[in-house]
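Structure data (compact mmCIF, C-alpha atoms) from entry-v1.txt:
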```
# COMPACT_ATOMS: atom_id res chain seq x y z
CA MET B 30 1.96 -8.96 18.29
CA ASN B 31 -0.17 -5.93 17.42
CA VAL B 32 -3.77 -6.56 16.49
CA CYS B 33 -6.09 -3.82 15.34
CA ARG B 34 -9.69 -3.60 16.57
CA PHE B 35 -11.95 -1.57 14.32
CA ASP B 36 -14.83 0.68 15.29
CA GLY B 37 -17.90 -0.40 13.33
CA ARG B 38 -19.15 3.14 12.90
CA THR B 39 -16.02 4.82 11.52
CA GLY B 40 -13.93 1.87 10.35
CA TRP B 41 -10.93 3.20 12.28
CA CYS B 42 -8.77 1.05 14.53
CA VAL B 43 -9.35 2.08 18.15
CA ALA B 44 -5.63 1.72 18.89
CA CYS B 45 -3.77 3.07 15.85
CA GLY B 46 -6.47 5.14 14.10
CA ARG B 47 -5.96 3.63 10.66
CA THR B 48 -8.57 1.96 8.48
CA LEU B 49 -8.26 -1.67 7.44
CA ALA B 50 -7.26 -0.56 3.93
CA GLU B 51 -4.59 1.76 5.36
CA CYS B 52 -3.21 -1.05 7.53
CA ARG B 53 -2.99 -3.32 4.50
CA GLU B 54 -1.19 -0.76 2.34
CA TRP B 55 1.09 0.52 5.12
CA LYS B 56 4.28 -1.37 4.26
CA LYS B 57 4.08 -0.65 0.52
CA ALA B 58 2.63 2.87 0.49
CA PRO B 59 4.76 5.73 -0.81
CA ARG B 60 5.99 8.28 1.70
CA PRO B 61 3.43 11.00 0.79
CA ARG B 62 0.60 8.54 1.41
CA LEU B 63 2.08 7.49 4.77
CA LEU B 64 2.40 11.13 5.82
CA ALA B 65 -1.24 11.78 4.88
CA ILE B 66 -2.37 8.81 6.98
CA VAL B 67 -0.24 9.85 9.95
CA LYS B 68 -1.58 13.40 9.74
CA ALA B 69 -5.19 12.15 9.95
CA ILE B 70 -4.66 9.85 12.94
CA PRO B 71 -4.73 12.34 15.87
CA ALA B 72 -8.11 13.76 14.83
CA ARG B 73 -9.53 10.29 14.34
CA LEU B 74 -8.41 9.08 17.76
CA LYS B 75 -9.73 12.27 19.36
CA LYS B 76 -13.12 11.72 17.70
CA LEU B 77 -13.22 8.11 18.94
CA GLU B 78 -12.39 9.26 22.47
CA SER B 79 -15.09 11.93 22.33
CA ARG B 80 -17.60 9.18 21.52
CA GLY B 81 -16.50 7.29 24.61
CA ILE B 82 -14.52 4.64 22.78
CA LEU B 83 -11.52 3.56 24.81
CA VAL B 84 -8.34 4.17 22.86
CA ARG B 85 -5.60 1.92 24.15
CA GLU B 86 -1.88 1.85 23.79
CA ASP B 87 -0.33 -1.49 22.83
CA GLU B 88 -1.09 -4.08 25.46
CA GLN B 89 1.98 -6.07 26.41
```

Would you encode the structure as structure tokens?
Amino acid sequence: MNVCRFDGRTGWCVACGRTLAECREWKKAPRPRLLAIVKAIPARLKKLESRGILVREDEQ
């Protein structure tokens, strides 16, 4: 089971880089919206890492 953990400062999940709103809309969002979210994720995760926030892959 995947569980997001959100950074209080940015509102981004420290694992997947999405916001809570983006996670909620993910399954129903149209393709252009999904592509916009996916495009934003690498920069978000990089910014979290630069602030010293541990970005983790799925823990199994």

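Proximity to Lys76 in chain B was assessed for B:Val32, B:Cys42, B:Glu54, B:Pro61 counting all atoms listed in the file; the smallest distance is recorded for B:Cys42.
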
Compile the contact shell of range 49-52 of chain B as a PyMOL selection string: residues with an atom at most 8 Å away, counting all atoms listed in the file, same-chain residues fewer than 4 positions apart removed.
chain B and resi 35+40-42+66

Pick the closest to Ala72 in chain B from B:Val84, B:Pro59, B:Arg34, B:Gly46: which is it, counting all atoms listed in the file?
B:Gly46

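Atom pair CA of Leu77 in chain B / CA of Val43 in chain B: separated by 7.2 Å.
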
Starting from the incomplete input, reconstruct N, CA and C atoms of range 36-65 of chain B and report them as a PDB file, keeping the file's coordinate frame.
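Ended up saving to out_8.pdb:
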```pdb
ATOM      1  N   ASP B  36     -13.547   0.124  14.906  1.00  0.00           N
ATOM      2  CA  ASP B  36     -14.830   0.680  15.290  1.00  0.00           C
ATOM      3  C   ASP B  36     -15.791   0.478  14.117  1.00  0.00           C
ATOM      4  N   GLY B  37     -16.936  -0.123  14.386  1.00  0.00           N
ATOM      5  CA  GLY B  37     -17.900  -0.400  13.330  1.00  0.00           C
ATOM      6  C   GLY B  37     -18.496   0.833  12.688  1.00  0.00           C
ATOM      7  N   ARG B  38     -18.525   1.913  13.417  1.00  0.00           N
ATOM      8  CA  ARG B  38     -19.150   3.140  12.900  1.00  0.00           C
ATOM      9  C   ARG B  38     -18.228   3.900  11.947  1.00  0.00           C
ATOM     10  N   THR B  39     -16.954   4.028  12.321  1.00  0.00           N
ATOM     11  CA  THR B  39     -16.020   4.820  11.520  1.00  0.00           C
ATOM     12  C   THR B  39     -15.111   3.964  10.641  1.00  0.00           C
ATOM     13  N   GLY B  40     -14.870   2.723  11.066  1.00  0.00           N
ATOM     14  CA  GLY B  40     -13.930   1.870  10.350  1.00  0.00           C
ATOM     15  C   GLY B  40     -12.490   2.093  10.770  1.00  0.00           C
ATOM     16  N   TRP B  41     -12.285   2.910  11.795  1.00  0.00           N
ATOM     17  CA  TRP B  41     -10.930   3.200  12.280  1.00  0.00           C
ATOM     18  C   TRP B  41     -10.552   2.231  13.390  1.00  0.00           C
ATOM     19  N   CYS B  42      -9.269   1.864  13.431  1.00  0.00           N
ATOM     20  CA  CYS B  42      -8.770   1.050  14.530  1.00  0.00           C
ATOM     21  C   CYS B  42      -8.786   1.893  15.796  1.00  0.00           C
ATOM     22  N   VAL B  43      -9.257   1.317  16.902  1.00  0.00           N
ATOM     23  CA  VAL B  43      -9.350   2.080  18.150  1.00  0.00           C
ATOM     24  C   VAL B  43      -7.988   2.240  18.823  1.00  0.00           C
ATOM     25  N   ALA B  44      -6.969   1.582  18.315  1.00  0.00           N
ATOM     26  CA  ALA B  44      -5.630   1.720  18.890  1.00  0.00           C
ATOM     27  C   ALA B  44      -4.719   2.593  18.022  1.00  0.00           C
ATOM     28  N   CYS B  45      -4.706   2.338  16.709  1.00  0.00           N
ATOM     29  CA  CYS B  45      -3.770   3.070  15.850  1.00  0.00           C
ATOM     30  C   CYS B  45      -4.428   4.134  14.981  1.00  0.00           C
ATOM     31  N   GLY B  46      -5.763   4.113  14.854  1.00  0.00           N
ATOM     32  CA  GLY B  46      -6.470   5.140  14.100  1.00  0.00           C
ATOM     33  C   GLY B  46      -6.534   4.945  12.604  1.00  0.00           C
ATOM     34  N   ARG B  47      -5.930   3.867  12.106  1.00  0.00           N
ATOM     35  CA  ARG B  47      -5.960   3.630  10.660  1.00  0.00           C
ATOM     36  C   ARG B  47      -7.172   2.790  10.278  1.00  0.00           C
ATOM     37  N   THR B  48      -7.530   2.838   8.997  1.00  0.00           N
ATOM     38  CA  THR B  48      -8.570   1.960   8.480  1.00  0.00           C
ATOM     39  C   THR B  48      -7.942   0.625   8.107  1.00  0.00           C
ATOM     40  N   LEU B  49      -8.771  -0.366   7.853  1.00  0.00           N
ATOM     41  CA  LEU B  49      -8.260  -1.670   7.440  1.00  0.00           C
ATOM     42  C   LEU B  49      -7.460  -1.536   6.146  1.00  0.00           C
ATOM     43  N   ALA B  50      -7.968  -0.765   5.202  1.00  0.00           N
ATOM     44  CA  ALA B  50      -7.260  -0.560   3.930  1.00  0.00           C
ATOM     45  C   ALA B  50      -5.902   0.101   4.159  1.00  0.00           C
ATOM     46  N   GLU B  51      -5.858   1.084   5.062  1.00  0.00           N
ATOM     47  CA  GLU B  51      -4.590   1.760   5.360  1.00  0.00           C
ATOM     48  C   GLU B  51      -3.605   0.803   6.019  1.00  0.00           C
ATOM     49  N   CYS B  52      -4.089  -0.060   6.890  1.00  0.00           N
ATOM     50  CA  CYS B  52      -3.210  -1.050   7.530  1.00  0.00           C
ATOM     51  C   CYS B  52      -2.634  -1.987   6.485  1.00  0.00           C
ATOM     52  N   ARG B  53      -3.452  -2.400   5.544  1.00  0.00           N
ATOM     53  CA  ARG B  53      -2.990  -3.320   4.500  1.00  0.00           C
ATOM     54  C   ARG B  53      -1.960  -2.692   3.579  1.00  0.00           C
ATOM     55  N   GLU B  54      -2.110  -1.416   3.268  1.00  0.00           N
ATOM     56  CA  GLU B  54      -1.190  -0.760   2.340  1.00  0.00           C
ATOM     57  C   GLU B  54       0.050  -0.189   3.030  1.00  0.00           C
ATOM     58  N   TRP B  55       0.080  -0.185   4.339  1.00  0.00           N
ATOM     59  CA  TRP B  55       1.090   0.520   5.120  1.00  0.00           C
ATOM     60  C   TRP B  55       2.526   0.228   4.687  1.00  0.00           C
ATOM     61  N   LYS B  56       2.887  -1.022   4.558  1.00  0.00           N
ATOM     62  CA  LYS B  56       4.280  -1.370   4.260  1.00  0.00           C
ATOM     63  C   LYS B  56       4.707  -1.025   2.833  1.00  0.00           C
ATOM     64  N   LYS B  57       3.751  -0.906   1.921  1.00  0.00           N
ATOM     65  CA  LYS B  57       4.080  -0.650   0.520  1.00  0.00           C
ATOM     66  C   LYS B  57       3.734   0.763   0.054  1.00  0.00           C
ATOM     67  N   ALA B  58       3.085   1.533   0.891  1.00  0.00           N
ATOM     68  CA  ALA B  58       2.630   2.870   0.490  1.00  0.00           C
ATOM     69  C   ALA B  58       3.807   3.816   0.321  1.00  0.00           C
ATOM     70  N   PRO B  59       3.713   4.717  -0.648  1.00  0.00           N
ATOM     71  CA  PRO B  59       4.760   5.730  -0.810  1.00  0.00           C
ATOM     72  C   PRO B  59       4.721   6.726   0.342  1.00  0.00           C
ATOM     73  N   ARG B  60       5.844   7.361   0.576  1.00  0.00           N
ATOM     74  CA  ARG B  60       5.990   8.280   1.700  1.00  0.00           C
ATOM     75  C   ARG B  60       4.885   9.345   1.778  1.00  0.00           C
ATOM     76  N   PRO B  61       4.498   9.990   0.682  1.00  0.00           N
ATOM     77  CA  PRO B  61       3.430  11.000   0.790  1.00  0.00           C
ATOM     78  C   PRO B  61       2.122  10.413   1.321  1.00  0.00           C
ATOM     79  N   ARG B  62       1.817   9.198   0.924  1.00  0.00           N
ATOM     80  CA  ARG B  62       0.600   8.540   1.410  1.00  0.00           C
ATOM     81  C   ARG B  62       0.717   8.252   2.899  1.00  0.00           C
ATOM     82  N   LEU B  63       1.868   7.759   3.343  1.00  0.00           N
ATOM     83  CA  LEU B  63       2.080   7.490   4.770  1.00  0.00           C
ATOM     84  C   LEU B  63       1.932   8.766   5.593  1.00  0.00           C
ATOM     85  N   LEU B  64       2.495   9.854   5.100  1.00  0.00           N
ATOM     86  CA  LEU B  64       2.400  11.130   5.820  1.00  0.00           C
ATOM     87  C   LEU B  64       0.947  11.608   5.916  1.00  0.00           C
ATOM     88  N   ALA B  65       0.173  11.390   4.858  1.00  0.00           N
ATOM     89  CA  ALA B  65      -1.240  11.780   4.880  1.00  0.00           C
ATOM     90  C   ALA B  65      -2.010  10.966   5.915  1.00  0.00           C
TER      91      ALA B  65
END
```
